[in-house]
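> my_file-v4.cif (mmCIF, C-alpha atoms) pasted underneath:
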```cif
data_final
#
loop_
_atom_site.group_PDB
_atom_site.id
_atom_site.type_symbol
_atom_site.label_atom_id
_atom_site.label_comp_id
_atom_site.auth_asym_id
_atom_site.auth_seq_id
_atom_site.Cartn_x
_atom_site.Cartn_y
_atom_site.Cartn_z
ATOM 1 C CA MET A 1 -1.038 13.136 0.218
ATOM 2 C CA SER A 2 -0.763 12.706 -3.508
ATOM 3 C CA ASP A 3 -2.253 15.254 -5.905
ATOM 4 C CA SER A 4 -4.789 12.690 -7.129
ATOM 5 C CA SER A 5 -6.078 11.916 -3.618
ATOM 6 C CA LEU A 6 -6.364 15.642 -2.908
ATOM 7 C CA ASP A 7 -8.361 16.055 -6.125
ATOM 8 C CA SER A 8 -10.722 13.242 -5.162
ATOM 9 C CA LEU A 9 -11.204 14.774 -1.689
ATOM 10 C CA LYS A 10 -11.869 18.183 -3.224
ATOM 11 C CA SER A 11 -15.192 17.112 -4.710
ATOM 12 C CA GLN A 12 -16.353 15.640 -1.383
ATOM 13 C CA TRP A 13 -15.930 18.710 0.798
ATOM 14 C CA THR A 14 -17.090 22.293 1.099
ATOM 15 C CA CYS A 15 -16.037 24.808 3.726
ATOM 16 C CA GLY A 16 -17.962 24.300 6.995
ATOM 17 C CA LYS A 17 -17.730 27.996 7.804
ATOM 18 C CA CYS A 18 -18.736 29.695 4.545
ATOM 19 C CA GLY A 19 -19.818 26.840 2.256
ATOM 20 C CA ALA A 20 -17.335 27.706 -0.483
ATOM 21 C CA PRO A 21 -15.553 24.973 -2.481
ATOM 22 C CA LEU A 22 -12.010 23.933 -1.590
ATOM 23 C CA GLU A 23 -8.871 24.175 -3.686
ATOM 24 C CA VAL A 24 -5.363 22.723 -3.430
ATOM 25 C CA ALA A 25 -2.839 25.184 -1.973
ATOM 26 C CA SER A 26 0.494 25.123 -0.185
ATOM 27 C CA VAL A 27 -0.030 25.638 3.556
ATOM 28 C CA ASN A 28 2.759 26.373 5.995
ATOM 29 C CA VAL A 29 2.366 23.826 8.798
ATOM 30 C CA SER A 30 4.318 24.846 11.887
ATOM 31 C CA TYR A 31 5.310 22.865 14.956
ATOM 32 C CA LEU A 32 7.645 23.863 17.781
ATOM 33 C CA GLY A 33 8.780 26.903 15.869
ATOM 34 C CA SER A 34 9.529 25.142 12.579
ATOM 35 C CA GLY A 35 7.449 25.536 9.434
ATOM 36 C CA TYR A 36 6.924 23.074 6.592
ATOM 37 C CA PRO A 37 5.063 23.736 3.336
ATOM 38 C CA VAL A 38 2.398 21.072 2.739
ATOM 39 C CA ASP A 39 -0.145 20.823 -0.098
ATOM 40 C CA MET A 40 -3.630 20.765 1.412
ATOM 41 C CA LEU A 41 -7.216 21.631 0.573
ATOM 42 C CA VAL A 42 -8.149 25.153 1.654
ATOM 43 C CA CYS A 43 -11.338 27.169 1.352
ATOM 44 C CA LYS A 44 -11.299 29.481 -1.668
ATOM 45 C CA ASN A 45 -12.885 32.282 0.389
ATOM 46 C CA CYS A 46 -11.765 32.134 3.991
ATOM 47 C CA LYS A 47 -8.605 30.018 3.438
ATOM 48 C CA ARG A 48 -9.352 27.588 6.297
ATOM 49 C CA PRO A 49 -7.453 24.358 5.622
ATOM 50 C CA LEU A 50 -8.843 20.832 5.737
ATOM 51 C CA VAL A 51 -6.458 18.524 7.603
ATOM 52 C CA PRO A 52 -7.257 14.946 6.561
ATOM 53 C CA ALA A 53 -6.920 12.192 9.177
ATOM 54 C CA GLU A 54 -4.322 10.500 6.986
ATOM 55 C CA LEU A 55 -2.079 13.560 7.228
ATOM 56 C CA ALA A 56 -2.708 14.142 10.951
ATOM 57 C CA LEU A 57 -2.062 10.521 11.897
ATOM 58 C CA GLY A 58 0.727 10.055 9.365
ATOM 59 C CA LYS A 59 3.323 12.702 8.605
ATOM 60 C CA MET A 60 2.207 15.111 11.339
ATOM 61 C CA LEU A 61 2.320 12.468 14.071
ATOM 62 C CA GLU A 62 5.685 11.255 12.838
ATOM 63 C CA VAL A 63 7.120 14.770 12.903
ATOM 64 C CA GLU A 64 5.741 15.329 16.414
ATOM 65 C CA LYS A 65 7.475 12.152 17.653
ATOM 66 C CA LEU A 66 10.672 13.111 15.873
ATOM 67 C CA MET A 67 10.802 16.614 17.299
ATOM 68 C CA GLU A 68 10.047 15.432 20.817
ATOM 69 C CA ASP A 69 12.405 12.434 20.808
ATOM 70 C CA LYS A 70 9.485 10.050 21.434
ATOM 71 C CA MET B 71 36.824 10.433 1.527
ATOM 72 C CA PRO B 72 33.222 10.950 0.472
ATOM 73 C CA ASP B 73 32.098 11.210 -3.088
ATOM 74 C CA CYS B 74 29.012 13.401 -3.052
ATOM 75 C CA ALA B 75 27.590 11.909 -6.221
ATOM 76 C CA ARG B 76 27.642 8.445 -4.655
ATOM 77 C CA CYS B 77 25.950 9.560 -1.454
ATOM 78 C CA SER B 78 22.581 7.855 -1.263
ATOM 79 C CA LEU B 79 20.968 11.111 -0.180
ATOM 80 C CA PHE B 80 22.291 13.140 -3.057
ATOM 81 C CA GLN B 81 19.472 12.390 -5.463
ATOM 82 C CA LEU B 82 16.842 13.480 -2.949
ATOM 83 C CA GLU B 83 16.837 17.032 -4.146
ATOM 84 C CA SER B 84 15.819 17.955 -7.651
ATOM 85 C CA GLU B 85 17.855 20.290 -9.815
ATOM 86 C CA ASN B 86 15.432 23.097 -9.036
ATOM 87 C CA GLU B 87 15.986 22.776 -5.311
ATOM 88 C CA GLY B 88 19.748 22.596 -5.497
ATOM 89 C CA CYS B 89 22.085 19.923 -4.248
ATOM 90 C CA LEU B 90 21.320 18.217 -0.967
ATOM 91 C CA HIS B 91 24.534 19.601 0.434
ATOM 92 C CA LEU B 92 23.188 23.108 -0.058
ATOM 93 C CA ASN B 93 20.050 21.974 1.711
ATOM 94 C CA ARG B 94 21.915 20.044 4.385
ATOM 95 C CA PRO B 95 20.898 20.645 8.009
ATOM 96 C CA GLY B 96 21.398 24.313 8.807
ATOM 97 C CA GLY B 97 22.482 25.212 5.256
ATOM 98 C CA LEU B 98 24.773 28.157 4.616
ATOM 99 C CA GLU B 99 23.541 29.940 7.738
ATOM 100 C CA LEU B 100 25.107 27.253 9.917
ATOM 101 C CA THR B 101 28.293 27.329 7.846
ATOM 102 C CA ASN B 102 28.615 31.070 8.310
ATOM 103 C CA THR B 103 27.937 30.844 12.054
ATOM 104 C CA ALA B 104 30.707 28.289 12.440
ATOM 105 C CA LEU B 105 33.125 30.308 10.289
ATOM 106 C CA ALA B 106 32.351 33.493 12.216
ATOM 107 C CA SER B 107 33.587 31.812 15.393
ATOM 108 C CA CYS B 108 37.078 31.725 13.849
ATOM 109 C CA LYS B 109 37.279 35.487 13.167
ATOM 110 C CA LEU B 110 39.250 34.872 9.981
ATOM 111 C CA PRO B 111 41.011 37.789 8.261
ATOM 112 C CA ALA B 112 39.134 39.274 5.301
ATOM 113 C CA SER B 113 41.102 37.557 2.556
ATOM 114 C CA ALA B 114 41.834 34.309 4.389
ATOM 115 C CA SER B 115 42.608 31.190 2.362
ATOM 116 C CA VAL B 116 39.994 28.524 2.983
ATOM 117 C CA LEU B 117 39.942 24.934 1.730
ATOM 118 C CA ASP B 118 36.473 23.411 1.344
ATOM 119 C CA ALA B 119 37.141 19.675 1.672
ATOM 120 C CA ALA B 120 34.444 17.592 -0.054
ATOM 121 C CA CYS B 121 33.012 20.729 -1.653
ATOM 122 C CA GLY B 122 30.366 18.868 -3.658
ATOM 123 C CA ALA B 123 28.573 21.097 -6.141
ATOM 124 C CA GLY B 124 30.237 24.191 -4.720
ATOM 125 C CA ALA B 125 27.444 25.991 -2.863
ATOM 126 C CA THR B 126 29.611 26.785 0.149
ATOM 127 C CA LEU B 127 32.613 27.446 -2.047
ATOM 128 C CA GLN B 128 30.684 30.115 -3.948
ATOM 129 C CA SER B 129 29.577 31.659 -0.661
ATOM 130 C CA LEU B 130 33.180 31.756 0.571
ATOM 131 C CA ARG B 131 34.251 33.493 -2.634
ATOM 132 C CA ASP B 132 31.392 35.982 -2.312
ATOM 133 C CA GLN B 133 32.620 36.824 1.193
ATOM 134 C CA GLY B 134 36.088 37.620 -0.155
ATOM 135 C CA TYR B 135 37.952 34.527 0.975
ATOM 136 C CA GLY B 136 40.539 32.838 -1.231
ATOM 137 C CA ALA B 137 38.548 29.638 -1.461
ATOM 138 C CA ILE B 138 39.631 26.353 -3.020
ATOM 139 C CA GLY B 139 37.509 23.199 -3.153
ATOM 140 C CA ILE B 140 38.382 19.539 -3.453
ATOM 141 C CA ASP B 141 36.087 16.597 -4.075
ATOM 142 C CA LEU B 142 36.476 13.094 -5.426
ATOM 143 C CA SER B 143 33.557 13.398 -7.796
ATOM 144 C CA MET B 144 34.130 14.914 -11.219
ATOM 145 C CA GLU B 145 30.347 15.004 -11.610
ATOM 146 C CA MET B 146 30.209 17.399 -8.668
ATOM 147 C CA LEU B 147 33.237 19.412 -9.697
ATOM 148 C CA ARG B 148 31.738 20.052 -13.142
ATOM 149 C CA LYS B 149 29.004 21.995 -11.327
ATOM 150 C CA CYS B 150 31.709 24.279 -9.896
ATOM 151 C CA ALA B 151 32.892 25.454 -13.321
ATOM 152 C CA LEU B 152 33.618 29.056 -12.292
ATOM 153 C CA LEU B 153 35.258 28.161 -8.986
ATOM 154 C CA THR B 154 38.755 26.981 -8.089
ATOM 155 C CA THR B 155 38.575 23.245 -7.526
ATOM 156 C CA THR B 156 40.538 20.093 -8.026
ATOM 157 C CA GLN B 157 39.775 16.398 -7.803
ATOM 158 C CA ALA B 158 41.575 15.081 -4.757
ATOM 159 C CA HIS B 159 41.342 12.801 -1.779
ATOM 160 C CA CYS B 160 41.110 14.436 1.640
ATOM 161 C CA ASN B 161 44.231 12.697 2.858
ATOM 162 C CA GLN B 162 46.279 13.756 -0.166
ATOM 163 C CA VAL B 163 45.521 17.374 -1.008
ATOM 164 C CA PRO B 164 47.741 18.885 -3.733
ATOM 165 C CA LEU B 165 48.440 22.102 -1.823
ATOM 166 C CA PRO B 166 51.605 23.240 -0.001
ATOM 167 C CA SER B 167 52.049 22.773 3.727
ATOM 168 C CA LEU B 168 51.126 25.757 5.907
ATOM 169 C CA SER B 169 49.167 27.331 3.038
ATOM 170 C CA GLN B 170 45.634 27.575 4.508
ATOM 171 C CA ASP B 171 44.024 29.733 7.191
ATOM 172 C CA ALA B 172 41.058 27.392 7.510
ATOM 173 C CA VAL B 173 39.828 24.000 6.354
ATOM 174 C CA LEU B 174 36.085 23.462 6.203
ATOM 175 C CA MET B 175 34.415 20.047 6.053
ATOM 176 C CA GLU B 176 30.650 19.827 5.980
ATOM 177 C CA CYS B 177 28.537 16.705 6.371
ATOM 178 C CA ALA B 178 31.512 14.643 5.320
ATOM 179 C CA LEU B 179 33.884 13.825 8.180
ATOM 180 C CA SER B 180 31.666 10.937 9.293
ATOM 181 C CA LEU B 181 31.695 9.599 5.732
ATOM 182 C CA SER B 182 35.457 9.410 5.654
ATOM 183 C CA ASN B 183 36.722 5.929 6.384
ATOM 184 C CA GLU B 184 40.171 7.405 6.902
ATOM 185 C CA MET B 185 39.303 10.157 9.346
ATOM 186 C CA VAL B 186 42.648 10.217 11.118
ATOM 187 C CA SER B 187 44.706 10.537 7.937
ATOM 188 C CA ALA B 188 42.366 13.281 6.678
ATOM 189 C CA LEU B 189 42.784 15.204 9.942
ATOM 190 C CA THR B 190 46.557 14.755 9.718
ATOM 191 C CA GLU B 191 46.494 16.179 6.197
ATOM 192 C CA PHE B 192 44.402 19.173 7.299
ATOM 193 C CA TYR B 193 46.939 19.808 10.074
ATOM 194 C CA ARG B 194 49.725 19.838 7.470
ATOM 195 C CA LEU B 195 47.880 22.339 5.281
ATOM 196 C CA LEU B 196 47.037 24.798 8.045
ATOM 197 C CA ARG B 197 49.206 27.639 9.197
ATOM 198 C CA PRO B 198 49.959 27.830 12.938
ATOM 199 C CA GLY B 199 46.774 28.990 14.616
ATOM 200 C CA GLY B 200 44.729 27.966 11.550
ATOM 201 C CA TRP B 201 41.183 26.694 11.941
ATOM 202 C CA LEU B 202 39.416 23.421 11.239
ATOM 203 C CA VAL B 203 35.645 23.860 10.918
ATOM 204 C CA VAL B 204 33.371 20.814 10.830
ATOM 205 C CA THR B 205 29.605 20.369 10.588
ATOM 206 C CA ASP B 206 28.284 16.809 10.775
ATOM 207 C CA ILE B 207 26.048 14.219 12.381
ATOM 208 C CA TYR B 208 27.080 12.447 15.573
ATOM 209 C CA ILE B 209 25.771 9.771 17.909
ATOM 210 C CA ARG B 210 23.973 11.699 20.641
ATOM 211 C CA GLU B 211 22.710 8.709 22.626
ATOM 212 C CA LEU B 212 23.909 5.127 22.354
ATOM 213 C CA HIS B 213 21.631 2.720 24.206
ATOM 214 C CA ASP B 214 22.891 -0.456 22.536
ATOM 215 C CA PRO B 215 26.501 -0.570 21.252
ATOM 216 C CA GLN B 216 25.664 -3.709 19.226
ATOM 217 C CA ALA B 217 23.340 -1.555 17.150
ATOM 218 C CA MET B 218 26.329 0.248 15.648
ATOM 219 C CA ASP B 219 26.662 -2.664 13.211
ATOM 220 C CA CYS B 220 23.348 -1.662 11.714
ATOM 221 C CA LEU B 221 24.742 1.688 10.572
ATOM 222 C CA THR B 222 27.479 0.122 8.466
ATOM 223 C CA GLY B 223 25.048 -0.653 5.633
ATOM 224 C CA SER B 224 24.132 3.004 5.319
ATOM 225 C CA SER B 225 26.547 5.110 3.311
ATOM 226 C CA CYS B 226 25.756 8.317 5.159
ATOM 227 C CA LEU B 227 25.755 6.999 8.712
ATOM 228 C CA SER B 228 28.383 4.281 8.645
ATOM 229 C CA GLY B 229 31.089 6.493 10.137
ATOM 230 C CA ALA B 230 28.953 8.265 12.743
ATOM 231 C CA LYS B 231 30.737 8.619 16.070
ATOM 232 C CA THR B 232 30.032 9.891 19.551
ATOM 233 C CA GLU B 233 31.117 13.358 20.669
ATOM 234 C CA VAL B 234 33.817 11.788 22.832
ATOM 235 C CA GLU B 235 35.230 9.847 19.860
ATOM 236 C CA ILE B 236 35.162 12.880 17.570
ATOM 237 C CA ARG B 237 36.855 15.113 20.137
ATOM 238 C CA SER B 238 39.495 12.462 20.755
ATOM 239 C CA LYS B 239 40.367 12.087 17.078
ATOM 240 C CA ILE B 240 40.512 15.832 16.426
ATOM 241 C CA GLU B 241 42.568 16.587 19.506
ATOM 242 C CA GLY B 242 44.761 13.560 18.750
ATOM 243 C CA ALA B 243 45.589 15.139 15.389
ATOM 244 C CA GLY B 244 46.956 18.258 17.102
ATOM 245 C CA PHE B 245 43.924 20.547 17.265
ATOM 246 C CA SER B 246 42.350 22.312 20.238
ATOM 247 C CA ILE B 247 38.581 22.407 20.039
ATOM 248 C CA ARG B 248 37.486 25.994 20.760
ATOM 249 C CA ASN B 249 33.764 25.618 20.035
ATOM 250 C CA TRP B 250 31.368 22.676 19.951
ATOM 251 C CA GLN B 251 27.734 23.581 19.347
ATOM 252 C CA ASP B 252 24.974 20.993 19.349
ATOM 253 C CA GLN B 253 22.611 21.590 16.431
ATOM 254 C CA THR B 254 20.286 18.643 16.915
ATOM 255 C CA LEU B 255 17.188 20.832 16.675
ATOM 256 C CA VAL B 256 18.302 21.949 13.220
ATOM 257 C CA PHE B 257 18.846 18.288 12.271
ATOM 258 C CA LYS B 258 15.374 17.336 13.485
ATOM 259 C CA GLN B 259 13.851 20.183 11.493
ATOM 260 C CA TRP B 260 15.699 18.917 8.426
ATOM 261 C CA LEU B 261 14.440 15.354 9.034
ATOM 262 C CA ALA B 262 10.909 16.676 9.486
ATOM 263 C CA ARG B 263 11.199 18.339 6.098
ATOM 264 C CA MET B 264 12.216 14.947 4.679
ATOM 265 C CA VAL B 265 9.128 13.345 6.260
ATOM 266 C CA PHE B 266 6.879 15.850 4.480
ATOM 267 C CA LYS B 267 8.863 15.536 1.268
ATOM 268 C CA LEU B 268 9.143 11.742 1.085
ATOM 269 C CA GLY B 269 6.025 10.746 3.018
ATOM 270 C CA SER B 270 7.551 9.095 6.094
ATOM 271 C CA LEU B 271 10.743 8.421 7.988
ATOM 272 C CA ASP B 272 10.671 4.879 6.605
ATOM 273 C CA ALA B 273 10.892 6.311 3.107
ATOM 274 C CA PHE B 274 13.909 8.305 4.210
ATOM 275 C CA TYR B 275 15.548 5.212 5.703
ATOM 276 C CA ARG B 276 14.971 3.374 2.416
ATOM 277 C CA GLN B 277 17.004 6.099 0.726
ATOM 278 C CA LEU B 278 19.787 5.557 3.234
ATOM 279 C CA SER B 279 19.831 1.790 3.108
ATOM 280 C CA ALA B 280 20.588 -0.495 0.220
ATOM 281 C CA CYS B 281 17.826 -3.020 0.940
ATOM 282 C CA GLU B 282 14.377 -3.328 2.521
ATOM 283 C CA THR B 283 15.566 -5.383 5.509
ATOM 284 C CA GLY B 284 18.359 -2.863 5.988
ATOM 285 C CA SER B 285 15.914 0.027 6.092
ATOM 286 C CA GLN B 286 13.695 -1.768 8.624
ATOM 287 C CA ALA B 287 16.691 -2.491 10.840
ATOM 288 C CA LEU B 288 17.812 1.109 10.479
ATOM 289 C CA ALA B 289 14.363 2.385 11.471
ATOM 290 C CA ASN B 290 14.398 0.138 14.545
ATOM 291 C CA THR B 291 17.934 1.184 15.460
ATOM 292 C CA LEU B 292 17.391 4.910 15.076
ATOM 293 C CA GLY B 293 14.041 4.699 16.828
ATOM 294 C CA ASN B 294 15.189 2.892 19.963
ATOM 295 C CA LYS B 295 18.882 2.164 20.169
ATOM 296 C CA ILE B 296 20.776 5.130 18.754
ATOM 297 C CA LYS B 297 19.796 8.805 18.741
ATOM 298 C CA LEU B 298 21.557 10.925 16.174
ATOM 299 C CA GLY B 299 22.468 14.545 16.672
ATOM 300 C CA TYR B 300 24.189 17.264 14.677
ATOM 301 C CA TYR B 301 26.958 19.689 15.557
ATOM 302 C CA TRP B 302 29.349 22.267 14.337
ATOM 303 C CA LEU B 303 32.797 22.693 15.785
ATOM 304 C CA SER B 304 35.773 24.924 15.257
ATOM 305 C CA ALA B 305 39.223 23.768 16.326
ATOM 306 C CA GLN B 306 42.563 25.537 16.168
ATOM 307 C CA LYS B 307 45.898 24.124 15.111
ATOM 308 C CA THR B 308 48.183 24.160 18.111
ATOM 309 C CA GLY B 309 51.756 23.148 18.706
#
```
Can you give me the file's structure in the form of structure tokens?

Amino acid sequence: MSDSSLDSLKSQWTCGKCGAPLEVASVNVSYLGSGYPVDMLVCKNCKRPLVPAELALGKMLEVEKLMEDK
Amino acid sequence: MPDCARCSLFQLESENEGCLHLNRPGGLELTNTALASCKLPASASVLDAACGAGATLQSLRDQGYGAIGIDLSMEMLRKCALLTTTQAHCNQVPLPSLSQDAVLMECALSLSNEMVSALTEFYRLLRPGGWLVVTDIYIRELHDPQAMDCLTGSSCLSGAKTEVEIRSKIEGAGFSIRNWQDQTLVFKQWLARMVFKLGSLDAFYRQLSACETGSQALANTLGNKIKLGYYWLSAQKTG
């Protein structure tokens, strides 16, 4: 996701666990033993990340297919 | 003979991240694994053919080898200012016969449109028992031979060959292959990094292909008809 779309998402969400606002941070996404740094929104307090559908159904799905020869 | 600066993937990495050839699949770790299989003497002379910006060359020097690099691109060689390099074609290296203990070629053999003459030249340069070390892509599965035509429009994939073809050419040049290690997982991890970096595999294919229709055909080919893999090999000069 672009920085601008992350910024626009930031104002729409708070952490479901602790209610704190979210901030943009680099998160290490791992799959089948490989890690990839991805900018995401994470809770300022408990650091839980928000995985947008666009990311899950886009890059993440593509990487899953790639790694599994699908 | 590849010219790193003309490789369509070269500009993918910013200056801060280093040259793509430093960040190639497996990086220096893979290079060192392949070299270790040769058990070279401490001060061995090693030619880095298509050395690019010199990342491997610097590593070879740091390990105590007498390392020399060649590349066609002056733009690349200028980045190797403190290293021993010369501008040369792989099939015409300005070094004496029987002068090298090893020749290393990374991510470049498949780019060479004169693979046989390059291998013949490496054979000339190597001492008896000397080592050829290669890391590169290869065609892991070929479901539709007609699809090979689709790769010709892509600078980085146009010379990709099957394992059988690669083995045949290397052994035909007088080498005995001592190690062949599939590194496709490493290649997939590298591609996955490109997906996160560029946004999608399609974006990556657009980098590889000169035109939009070419990138769509490439995506279709690499999705269904041809599966790419990655390998390292070490082969010894015999005879």
> Once you count all atoms listed in the file, which residues end up no further than 12 Å from (-20.2, 26.5, 5.3) in the file's frame, shown as a ChimeraX atom specification?
/A:13-22,43-46,48
> Residues of chain B within 7 Å of chain A, counting all atoms listed in the file, what are they? List them as a PDB file with C-alpha atoms, keeping the file's coordinate frame.

```
ATOM      1  CA  LYS B 258      15.374  17.336  13.485  1.00  0.00           C
ATOM      2  CA  GLN B 259      13.851  20.183  11.493  1.00  0.00           C
ATOM      3  CA  ALA B 262      10.909  16.676   9.486  1.00  0.00           C
ATOM      4  CA  ARG B 263      11.199  18.339   6.098  1.00  0.00           C
ATOM      5  CA  VAL B 265       9.128  13.345   6.260  1.00  0.00           C
ATOM      6  CA  PHE B 266       6.879  15.850   4.480  1.00  0.00           C
ATOM      7  CA  GLY B 269       6.025  10.746   3.018  1.00  0.00           C
ATOM      8  CA  SER B 270       7.551   9.095   6.094  1.00  0.00           C
TER       9      SER B 270
END
```
> Can you pull out every residue within 8 Å of region 138-149 of chain B, counting only C-alpha atoms, but drop anything in the same chain fewer than 2 positions away, and send it as a list of chain:residue names?
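Counting only C-alpha atoms, the residues come to B:Met71, B:Pro72, B:Asp73, B:Cys74, B:Ala75, B:Ser115, B:Val116, B:Leu117, B:Asp118, B:Ala119, B:Ala120, B:Cys121, B:Gly122, B:Ala123, B:Gly124, B:Leu127, B:Gly136, B:Ala151, B:Leu153, B:Thr154, B:Thr155, B:Thr156, B:Gln157, B:Ala158, B:His159, B:Cys160, B:Val163.
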> Please write as an NGL selection string the full residue list that the PyMOL selection byres ((chain B and resi 187) around 9) yields on this file.
:B and (160-162 or 184-186 or 188-192 or 243)
> Excluding Pro111 (chain B) and its own-chain neighbours fewer than 3 positions away, which residues fall within 12 Å of it when counting all atoms listed in the file? Please give them as a ChimeraX atom specification.
/B:105-108,114-116,133-136,170-172,200-201
> What does the distance between CA of Gly293 (chain B) and CA of Leu212 (chain B) come to in Å, to one decimal place?
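Straight-line distance from CA of Gly293 (chain B) to CA of Leu212 (chain B) works out to 11.3 Å.
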> Interatomic distance between CA of Gln12 (chain A) and CA of Val42 (chain A)?
12.9 Å
> As a check of understanding, name the residues that the PyMOL selection byres ((chain B and resi 175) around 6) selects in the supplied structure, as a PyMOL selection string.
chain B and resi 119+174+176+204
> For CA of Phe257 (chain B) and CA of Asn183 (chain B), determine how far apart the two atoms are, in Å to one decimal place.
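For CA of Phe257 (chain B) relative to CA of Asn183 (chain B), the distance reads 22.5 Å.
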> Edge lengths and centre, in Å to one decimal, as JSON: that's what I need for the box along x, y and z that holds all listed atoms of region 121-136 of chain B plus 6 Å on each side.

```
{"center_x": 34.0, "center_y": 28.2, "center_z": -2.5, "size_x": 25.1, "size_y": 30.8, "size_z": 19.3}
```
> From the set B:Ser129, B:Gln253, B:Gln286, B:Thr308, which residue has the shortest atom-to-atom contact distance to Glu241 (chain B), counting all atoms listed in the file?
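For Glu241 (chain B), the nearest of the given residues is B:Thr308.
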> Which is closer to Pro166 (chain B) than all the others in B:Leu195, B:Ala178, B:Leu292, B:Ala112, using all atoms listed in the file?
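Ranking B:Leu195, B:Ala178, B:Leu292, B:Ala112 by distance to Pro166 (chain B), first place goes to B:Leu195.
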> When distances are computed from all atoms listed in the file, which of B:Ile236, B:Tyr208, B:Cys226, B:Leu271 shows the smallest separation from Leu298 (chain B)?
B:Tyr208
> Hey, which of B:Gly299, B:Ser238, B:Gly244, B:Leu165 ends up closest to Leu261 (chain B)? Count only C-alpha atoms.
B:Gly299
> As a PyMOL selection string, please: the residues near Leu41 (chain A) (cut-off 6 Å, only C-alpha atoms, same-chain neighbours under 3 positions excluded).
chain A and resi 22-24+49-50
> Would you mind exporting the chosen residues as a PDB file, in the frame of the given file, restricted to C-alpha atoms?

```pdb
ATOM      1  CA  LEU A  22     -12.010  23.933  -1.590  1.00  0.00           C
ATOM      2  CA  GLU A  23      -8.871  24.175  -3.686  1.00  0.00           C
ATOM      3  CA  VAL A  24      -5.363  22.723  -3.430  1.00  0.00           C
ATOM      4  CA  PRO A  49      -7.453  24.358   5.622  1.00  0.00           C
ATOM      5  CA  LEU A  50      -8.843  20.832   5.737  1.00  0.00           C
TER       6      LEU A  50
END
```
